[in-house]
Amino acid sequence: VTWTAHGDYEDIRYEHSGDGIAKITICRPEVRNAFRPQTLMEVSDALVDAREDGSVGVIVLTGEGPDAFCSGGDQNVRGDTGYLTDPGRQGSVGRFHVTDLQVQIRRLPKPVVAMVAGYAIGGGHILHLVCDLTIAADNARFGQVGPRVGSFDGGFGAGLLADLVGPKKAKEIWFLCRQYTADEARQMGLVNTVVPLADLEAETVAWCREMLAMSPFALRLMKASFNAAEDGISGIQQLAHDANLLFYATDEAKEGREAYKQKRRPEFEKFPRRP
Ligand code: 2NE
């Protein structure tokens, strides 16, 4: 693939394949691709672009280099009130931008694929969890570290992890903070496949192209359906609004719109009351 650069970012690279794949790369290898607030804001911005761009069908999230996908929150900018956008400034108020980013990935109506080489640790591990699929290199290592460094993620980090690997294993992952190899991660259902590091991008692109050949709206509805089961009303909301998108194309819905604009009574009696 010849990737074409898009956007102007400092902490990430945002590229398009030209045939429907957008790739977002966290580029902070000196800290194992740990994220600071700016990193997350840039990923979020690129995701908005990839969502709105009709030429994009699948999004890949990855980290720069063979050593890390992402090592979670950058502990150097972790203040007493959260992660700081301006750590040098007295009174800078901490934030948890990753909260919104996790939801954004799950709500994005296109498949998001985590391409993992090296460490997916801490908040970086949660980022791969919330992606729809994970393709791992054989050097990938997975784990949580929160209880070791005075942090935790009890949202998707607990619920989604327990759904994937079972509650006992999820508690082991959090309570012992061990690292797991790519093969162990595959055996416990954390990742979809494991490939040699040298083949990681080619394999990821092949999986993306298989999805690009599918009906985009069917993929959108399946993603929303999985979320509906897991996310309660906010998940049902996405699925319901997707149904609304389809309903708008019907003569019945159009009759309501046209009657309103023409200031007349809508003639819904001409539509069947389906059994
Ligand atoms: C990732 C891991 C296991 C890699 O180990 P290794 O041995 O391959 O590399 P090393 O030497 O530890 O790291 C290389 C450089 O990257 C920095 C290190 O401090 C080191 O810097 P120098 O000594 O070369 O100056 N680095 C790595 N991860 C960093 C990080 N997250 N923040 C700042 N600098 C980092 C190993 O590096 C590791 O365990 N890293 C720490 C993982 C960690 O504590 N993550 C935060 C968990 S909390 C979180 O992510 C979170 C949450 O729980 C809830 C919400 C939001 C976020």
# chains A, B, ... in the order shown; residues from 1 in each chain; ligands from 1

call {"tool": "select_by_dssp", "arguments": {"residues": "segment 75-112 of chain A", "states": "alpha helix (DSSP H)", "output": "list in words"}}
result
His97, Val98, Thr99, Asp100, Leu101, Gln102, Val103, Gln104, Ile105, Arg106 and Arg107 of chain A

call {"tool": "residues_around", "arguments": {"residues": "segment 255-261 of chain A", "least_positions_apart": "6", "cutoff": "10 Å", "atoms": "only C-alpha atoms", "output": "list of chain:residue names"}}
result
A:Tyr248, A:Glu267, A:Phe268, A:Lys270, A:Phe271

call {"tool": "residues_near_ligand", "arguments": {"ligand": "ligand 1", "cutoff": "7 Å", "atoms": "only C-alpha atoms and all ligand atoms", "output": "VMD selection string"}}
result
chain A and resid 30 to 32 34 67 71 to 76 96 98 119 121 to 124 145 to 146 149 151 to 153

call {"tool": "residues_around", "arguments": {"residues": "Leu200 of chain A", "least_positions_apart": "2", "cutoff": "8 Å", "atoms": "only C-alpha atoms", "output": "ChimeraX atom specification"}}
result
/A:115,117,135-137,195-198,202-204

call {"tool": "write_last_selection", "arguments": {"atoms": "C-alpha atoms", "output": "short mmCIF file (atom, residue, chain, number, x, y, z; two decimals), in the first residue's frame"}}
result
data_model
loop_
_atom_site.label_atom_id
_atom_site.label_comp_id
_atom_site.auth_asym_id
_atom_site.auth_seq_id
_atom_site.Cartn_x
_atom_site.Cartn_y
_atom_site.Cartn_z
CA MET A 115 -3.07 -3.20 14.38
CA ALA A 117 2.90 -4.60 17.34
CA ILE A 135 -4.70 -7.98 14.34
CA ALA A 136 -1.63 -8.72 16.46
CA ALA A 137 2.00 -9.23 15.55
CA VAL A 195 0.84 -12.96 12.39
CA PRO A 196 4.62 -12.53 12.04
CA LEU A 197 5.61 -8.91 12.70
CA ALA A 198 6.87 -8.55 9.11
CA ALA A 202 -0.16 -6.71 4.83
CA GLU A 203 -2.44 -8.99 6.84
CA THR A 204 -4.31 -6.03 8.36
#

call {"tool": "residues_around", "arguments": {"residues": "segment 235-244 of chain A", "least_positions_apart": "6", "cutoff": "6 Å", "atoms": "only C-alpha atoms", "output": "ChimeraX atom specification"}}
result
/A:224,227-228

call {"tool": "residues_around", "arguments": {"residues": "Pro109 of chain A", "least_positions_apart": "2", "cutoff": "8 Å", "atoms": "only C-alpha atoms", "output": "list in words"}}
result
Arg51, Arg106, Arg107, Pro111, Arg220, Lys223 and Ala224 of chain A

call {"tool": "closest_residue", "arguments": {"among": "A:Ile21, A:Val112, A:Ile26, A:Leu245", "to": "Gly54 of chain A", "atoms": "only C-alpha atoms"}}
result
A:Ile21

call {"tool": "closest_residue", "arguments": {"among": "A:Asp45, A:Asp231, A:Asp8, A:Asp19", "to": "Val205 of chain A", "atoms": "only C-alpha atoms"}}
result
A:Asp19

call {"tool": "decode", "arguments": {"residues": "segment 35-84 of chain A", "atoms": "N, CA and C atoms", "output": "PDB file, in the first residue's frame"}}
result
ATOM      1  N   PHE A  35      -0.111   8.160  25.295  1.00  0.00           N
ATOM      2  CA  PHE A  35      -0.876   9.314  24.807  1.00  0.00           C
ATOM      3  C   PHE A  35      -0.919  10.429  25.845  1.00  0.00           C
ATOM      4  N   ARG A  36      -0.731  11.656  25.336  1.00  0.00           N
ATOM      5  CA  ARG A  36      -1.018  12.849  26.137  1.00  0.00           C
ATOM      6  C   ARG A  36      -2.337  13.403  25.599  1.00  0.00           C
ATOM      7  N   PRO A  37      -2.937  14.393  26.255  1.00  0.00           N
ATOM      8  CA  PRO A  37      -4.226  14.906  25.762  1.00  0.00           C
ATOM      9  C   PRO A  37      -4.194  15.271  24.282  1.00  0.00           C
ATOM     10  N   GLN A  38      -3.111  15.943  23.857  1.00  0.00           N
ATOM     11  CA  GLN A  38      -3.041  16.348  22.445  1.00  0.00           C
ATOM     12  C   GLN A  38      -3.121  15.137  21.507  1.00  0.00           C
ATOM     13  N   THR A  39      -2.478  14.035  21.903  1.00  0.00           N
ATOM     14  CA  THR A  39      -2.505  12.820  21.075  1.00  0.00           C
ATOM     15  C   THR A  39      -3.953  12.382  20.856  1.00  0.00           C
ATOM     16  N   LEU A  40      -4.710  12.372  21.951  1.00  0.00           N
ATOM     17  CA  LEU A  40      -6.088  11.878  21.874  1.00  0.00           C
ATOM     18  C   LEU A  40      -6.969  12.842  21.081  1.00  0.00           C
ATOM     19  N   MET A  41      -6.717  14.139  21.231  1.00  0.00           N
ATOM     20  CA  MET A  41      -7.496  15.120  20.459  1.00  0.00           C
ATOM     21  C   MET A  41      -7.211  14.964  18.970  1.00  0.00           C
ATOM     22  N   GLU A  42      -5.952  14.660  18.647  1.00  0.00           N
ATOM     23  CA  GLU A  42      -5.606  14.492  17.230  1.00  0.00           C
ATOM     24  C   GLU A  42      -6.216  13.198  16.673  1.00  0.00           C
ATOM     25  N   VAL A  43      -6.175  12.115  17.449  1.00  0.00           N
ATOM     26  CA  VAL A  43      -6.801  10.862  16.994  1.00  0.00           C
ATOM     27  C   VAL A  43      -8.295  11.104  16.769  1.00  0.00           C
ATOM     28  N   SER A  44      -8.913  11.816  17.707  1.00  0.00           N
ATOM     29  CA  SER A  44     -10.336  12.098  17.603  1.00  0.00           C
ATOM     30  C   SER A  44     -10.638  12.901  16.336  1.00  0.00           C
ATOM     31  N   ASP A  45      -9.809  13.899  16.051  1.00  0.00           N
ATOM     32  CA  ASP A  45     -10.000  14.730  14.863  1.00  0.00           C
ATOM     33  C   ASP A  45      -9.885  13.887  13.584  1.00  0.00           C
ATOM     34  N   ALA A  46      -8.888  13.010  13.548  1.00  0.00           N
ATOM     35  CA  ALA A  46      -8.698  12.150  12.372  1.00  0.00           C
ATOM     36  C   ALA A  46      -9.879  11.181  12.219  1.00  0.00           C
ATOM     37  N   LEU A  47     -10.400  10.689  13.347  1.00  0.00           N
ATOM     38  CA  LEU A  47     -11.553   9.779  13.281  1.00  0.00           C
ATOM     39  C   LEU A  47     -12.779  10.494  12.713  1.00  0.00           C
ATOM     40  N   VAL A  48     -12.952  11.760  13.085  1.00  0.00           N
ATOM     41  CA  VAL A  48     -14.072  12.531  12.525  1.00  0.00           C
ATOM     42  C   VAL A  48     -13.905  12.635  11.013  1.00  0.00           C
ATOM     43  N   ASP A  49     -12.680  12.944  10.580  1.00  0.00           N
ATOM     44  CA  ASP A  49     -12.424  13.057   9.142  1.00  0.00           C
ATOM     45  C   ASP A  49     -12.723  11.731   8.436  1.00  0.00           C
ATOM     46  N   ALA A  50     -12.235  10.629   9.022  1.00  0.00           N
ATOM     47  CA  ALA A  50     -12.426   9.314   8.399  1.00  0.00           C
ATOM     48  C   ALA A  50     -13.906   8.937   8.378  1.00  0.00           C
ATOM     49  N   ARG A  51     -14.639   9.349   9.403  1.00  0.00           N
ATOM     50  CA  ARG A  51     -16.077   9.058   9.442  1.00  0.00           C
ATOM     51  C   ARG A  51     -16.803   9.823   8.337  1.00  0.00           C
ATOM     52  N   GLU A  52     -16.468  11.122   8.210  1.00  0.00           N
ATOM     53  CA  GLU A  52     -17.198  11.968   7.261  1.00  0.00           C
ATOM     54  C   GLU A  52     -16.795  11.690   5.814  1.00  0.00           C
ATOM     55  N   ASP A  53     -15.606  11.152   5.593  1.00  0.00           N
ATOM     56  CA  ASP A  53     -15.093  10.927   4.241  1.00  0.00           C
ATOM     57  C   ASP A  53     -15.735   9.665   3.643  1.00  0.00           C
ATOM     58  N   GLY A  54     -16.567   9.875   2.643  1.00  0.00           N
ATOM     59  CA  GLY A  54     -17.295   8.757   2.031  1.00  0.00           C
ATOM     60  C   GLY A  54     -16.401   7.773   1.305  1.00  0.00           C
ATOM     61  N   SER A  55     -15.154   8.155   1.043  1.00  0.00           N
ATOM     62  CA  SER A  55     -14.253   7.215   0.359  1.00  0.00           C
ATOM     63  C   SER A  55     -13.622   6.232   1.353  1.00  0.00           C
ATOM     64  N   VAL A  56     -13.789   6.491   2.650  1.00  0.00           N
ATOM     65  CA  VAL A  56     -13.199   5.614   3.677  1.00  0.00           C
ATOM     66  C   VAL A  56     -14.236   4.615   4.170  1.00  0.00           C
ATOM     67  N   GLY A  57     -13.854   3.329   4.167  1.00  0.00           N
ATOM     68  CA  GLY A  57     -14.770   2.292   4.644  1.00  0.00           C
ATOM     69  C   GLY A  57     -14.307   1.614   5.914  1.00  0.00           C
ATOM     70  N   VAL A  58     -12.994   1.600   6.157  1.00  0.00           N
ATOM     71  CA  VAL A  58     -12.423   0.927   7.324  1.00  0.00           C
ATOM     72  C   VAL A  58     -11.288   1.797   7.861  1.00  0.00           C
ATOM     73  N   ILE A  59     -11.141   1.811   9.182  1.00  0.00           N
ATOM     74  CA  ILE A  59     -10.099   2.628   9.813  1.00  0.00           C
ATOM     75  C   ILE A  59      -9.163   1.719  10.608  1.00  0.00           C
ATOM     76  N   VAL A  60      -7.868   1.936  10.445  1.00  0.00           N
ATOM     77  CA  VAL A  60      -6.863   1.187  11.197  1.00  0.00           C
ATOM     78  C   VAL A  60      -6.245   2.122  12.236  1.00  0.00           C
ATOM     79  N   LEU A  61      -6.186   1.649  13.483  1.00  0.00           N
ATOM     80  CA  LEU A  61      -5.510   2.405  14.545  1.00  0.00           C
ATOM     81  C   LEU A  61      -4.266   1.622  14.933  1.00  0.00           C
ATOM     82  N   THR A  62      -3.115   2.288  14.956  1.00  0.00           N
ATOM     83  CA  THR A  62      -1.880   1.584  15.253  1.00  0.00           C
ATOM     84  C   THR A  62      -0.879   2.509  15.941  1.00  0.00           C
ATOM     85  N   GLY A  63       0.290   1.976  16.261  1.00  0.00           N
ATOM     86  CA  GLY A  63       1.345   2.765  16.882  1.00  0.00           C
ATOM     87  C   GLY A  63       2.596   2.717  16.023  1.00  0.00           C
ATOM     88  N   GLU A  64       3.409   3.742  16.154  1.00  0.00           N
ATOM     89  CA  GLU A  64       4.628   3.830  15.352  1.00  0.00           C
ATOM     90  C   GLU A  64       5.667   2.804  15.833  1.00  0.00           C
ATOM     91  N   GLY A  65       6.245   2.069  14.913  1.00  0.00           N
ATOM     92  CA  GLY A  65       7.370   1.191  15.237  1.00  0.00           C
ATOM     93  C   GLY A  65       6.933  -0.168  15.747  1.00  0.00           C
ATOM     94  N   PRO A  66       7.939  -1.066  15.892  1.00  0.00           N
ATOM     95  CA  PRO A  66       7.638  -2.447  16.291  1.00  0.00           C
ATOM     96  C   PRO A  66       7.473  -2.650  17.790  1.00  0.00           C
ATOM     97  N   ASP A  67       7.799  -1.601  18.604  1.00  0.00           N
ATOM     98  CA  ASP A  67       7.867  -1.814  20.051  1.00  0.00           C
ATOM     99  C   ASP A  67       6.545  -1.625  20.771  1.00  0.00           C
ATOM    100  N   ALA A  68       5.672  -0.792  20.215  1.00  0.00           N
ATOM    101  CA  ALA A  68       4.436  -0.518  20.967  1.00  0.00           C
ATOM    102  C   ALA A  68       3.296  -0.076  20.070  1.00  0.00           C
ATOM    103  N   PHE A  69       2.120  -0.595  20.386  1.00  0.00           N
ATOM    104  CA  PHE A  69       0.861  -0.040  19.885  1.00  0.00           C
ATOM    105  C   PHE A  69       0.597   1.235  20.684  1.00  0.00           C
ATOM    106  N   CYS A  70       0.505   1.076  22.004  1.00  0.00           N
ATOM    107  CA  CYS A  70       0.291   2.225  22.884  1.00  0.00           C
ATOM    108  C   CYS A  70       0.472   1.767  24.331  1.00  0.00           C
ATOM    109  N   SER A  71       1.162   2.593  25.124  1.00  0.00           N
ATOM    110  CA  SER A  71       1.397   2.232  26.533  1.00  0.00           C
ATOM    111  C   SER A  71       0.487   3.010  27.474  1.00  0.00           C
ATOM    112  N   GLY A  72      -0.601   3.572  26.939  1.00  0.00           N
ATOM    113  CA  GLY A  72      -1.583   4.232  27.801  1.00  0.00           C
ATOM    114  C   GLY A  72      -1.264   5.683  28.056  1.00  0.00           C
ATOM    115  N   GLY A  73      -1.824   6.199  29.143  1.00  0.00           N
ATOM    116  CA  GLY A  73      -1.650   7.616  29.445  1.00  0.00           C
ATOM    117  C   GLY A  73      -0.197   7.950  29.737  1.00  0.00           C
ATOM    118  N   ASP A  74       0.260   9.078  29.203  1.00  0.00           N
ATOM    119  CA  ASP A  74       1.636   9.530  29.428  1.00  0.00           C
ATOM    120  C   ASP A  74       1.762   9.983  30.876  1.00  0.00           C
ATOM    121  N   GLN A  75       2.507   9.197  31.649  1.00  0.00           N
ATOM    122  CA  GLN A  75       2.608   9.469  33.089  1.00  0.00           C
ATOM    123  C   GLN A  75       3.363  10.764  33.377  1.00  0.00           C
ATOM    124  N   ASN A  76       4.079  11.272  32.371  1.00  0.00           N
ATOM    125  CA  ASN A  76       4.802  12.532  32.577  1.00  0.00           C
ATOM    126  C   ASN A  76       3.862  13.736  32.606  1.00  0.00           C
ATOM    127  N   VAL A  77       2.663  13.602  32.036  1.00  0.00           N
ATOM    128  CA  VAL A  77       1.717  14.737  32.046  1.00  0.00           C
ATOM    129  C   VAL A  77       0.496  14.402  32.901  1.00  0.00           C
ATOM    130  N   ARG A  78       0.622  13.336  33.691  1.00  0.00           N
ATOM    131  CA  ARG A  78      -0.468  13.005  34.613  1.00  0.00           C
ATOM    132  C   ARG A  78      -0.348  13.905  35.835  1.00  0.00           C
ATOM    133  N   GLY A  79      -1.322  14.774  36.025  1.00  0.00           N
ATOM    134  CA  GLY A  79      -1.330  15.647  37.193  1.00  0.00           C
ATOM    135  C   GLY A  79      -2.176  15.054  38.295  1.00  0.00           C
ATOM    136  N   ASP A  80      -2.499  15.861  39.279  1.00  0.00           N
ATOM    137  CA  ASP A  80      -3.309  15.385  40.408  1.00  0.00           C
ATOM    138  C   ASP A  80      -4.799  15.392  40.073  1.00  0.00           C
ATOM    139  N   THR A  81      -5.155  16.005  38.940  1.00  0.00           N
ATOM    140  CA  THR A  81      -6.584  16.111  38.591  1.00  0.00           C
ATOM    141  C   THR A  81      -6.891  15.449  37.250  1.00  0.00           C
ATOM    142  N   GLY A  82      -5.945  14.700  36.709  1.00  0.00           N
ATOM    143  CA  GLY A  82      -6.141  14.071  35.395  1.00  0.00           C
ATOM    144  C   GLY A  82      -4.916  14.334  34.532  1.00  0.00           C
ATOM    145  N   TYR A  83      -5.064  14.119  33.231  1.00  0.00           N
ATOM    146  CA  TYR A  83      -3.941  14.337  32.307  1.00  0.00           C
ATOM    147  C   TYR A  83      -3.977  15.787  31.842  1.00  0.00           C
ATOM    148  N   LEU A  84      -2.820  16.449  31.884  1.00  0.00           N
ATOM    149  CA  LEU A  84      -2.756  17.899  31.692  1.00  0.00           C
ATOM    150  C   LEU A  84      -2.424  18.257  30.245  1.00  0.00           C
TER     151      LEU A  84
END
